[in-house]
Amino acid sequence: MWSVGAILFELLHGYPPFRGNNNVQVLRNIKSSTALPFSRLILQQMHPDCIDVCSRLLSINPVTRLSFDEFYKHKFLRL
């Protein structure tokens, strides 16, 4: 489900949620992240359910990350 969140984020922003010069740096940036780098301009235009689903799909903690069933039942898909 992480991949779905990463693709959704990139579709909305035009760039991936975590960047780096190499894979190791990307992984470090993911692990040290405390919040997603939503663009303020885009954030103002996003529906709250879209923000929620994207944030929960990209949760660093797999326990709190959305499962497929939770994603499929999320309000964002009902918009």
# chains A, B, ... in the order shown; residues from 1 in each chain; ligands from 1

$ residues_around --residues "stretch 36-47 of chain A" --least-positions-apart "2" --cutoff "9 Å" --atoms "only C-alpha atoms" --output "PyMOL selection string"
chain A and resi 9+12-13+17-18+33-34+49-52+55+58+76

$ write_last_selection --atoms "C-alpha atoms" --output "PDB file, in the first residue's frame"
ATOM      1  CA  PHE A   9       1.574  11.764  -3.824  1.00  0.00           C
ATOM      2  CA  LEU A  12      -0.677  15.275  -6.978  1.00  0.00           C
ATOM      3  CA  HIS A  13       2.674  17.045  -6.632  1.00  0.00           C
ATOM      4  CA  PRO A  17       7.375  12.231  -1.484  1.00  0.00           C
ATOM      5  CA  PHE A  18      10.962  11.402  -0.523  1.00  0.00           C
ATOM      6  CA  SER A  33      10.626  12.032   8.193  1.00  0.00           C
ATOM      7  CA  THR A  34       8.054  13.299  10.678  1.00  0.00           C
ATOM      8  CA  ASP A  49     -10.037  12.894   2.515  1.00  0.00           C
ATOM      9  CA  CYS A  50      -7.284  12.939  -0.116  1.00  0.00           C
ATOM     10  CA  ILE A  51      -4.794  14.296   2.413  1.00  0.00           C
ATOM     11  CA  ASP A  52      -5.877  11.659   4.922  1.00  0.00           C
ATOM     12  CA  SER A  55      -0.839  10.403   4.717  1.00  0.00           C
ATOM     13  CA  LEU A  58       2.627   6.653   3.530  1.00  0.00           C
ATOM     14  CA  PHE A  76     -11.580   9.255  -0.598  1.00  0.00           C
TER      15      PHE A  76
END

$ atom_distance --atom1 "atom CA of A:Trp2" --atom2 "atom CA of A:Cys54"
9.3 Å

$ residues_around --residues "stretch 21-32 of chain A" --least-positions-apart "5" --cutoff "10 Å" --atoms "only C-alpha atoms" --output "ChimeraX atom specification"
/A:58-61

$ write_last_selection --atoms "C-alpha atoms" --output "PDB file, in the first residue's frame"
ATOM      1  CA  LEU A  58       2.627   6.653   3.530  1.00  0.00           C
ATOM      2  CA  SER A  59       2.718   6.049   7.260  1.00  0.00           C
ATOM      3  CA  ILE A  60       6.234   4.996   8.233  1.00  0.00           C
ATOM      4  CA  ASN A  61       4.817   2.561  10.784  1.00  0.00           C
TER       5      ASN A  61
END

$ closest_residue --among "A:Ala35, A:Gly20, A:Tyr15, A:Met1" --to "A:Tyr72" --atoms "only C-alpha atoms"
A:Met1

$ atom_distance --atom1 "atom CA of A:Val53" --atom2 "atom CA of A:Ser3"
12.6 Å

$ closest_residue --among "A:Phe71, A:Arg65, A:Leu57, A:Arg78" --to "A:Leu8" --atoms "only C-alpha atoms"
A:Leu57

$ closest_residue --among "A:Pro48, A:Ile7, A:Gly14, A:Arg19" --to "A:His74" --atoms "only C-alpha atoms"
A:Pro48

$ select_by_dssp --residues "chain A" --states "alpha helix (DSSP H)" --output "ChimeraX atom specification"
/A:2-13,23-32,40-45,48-57,68-73
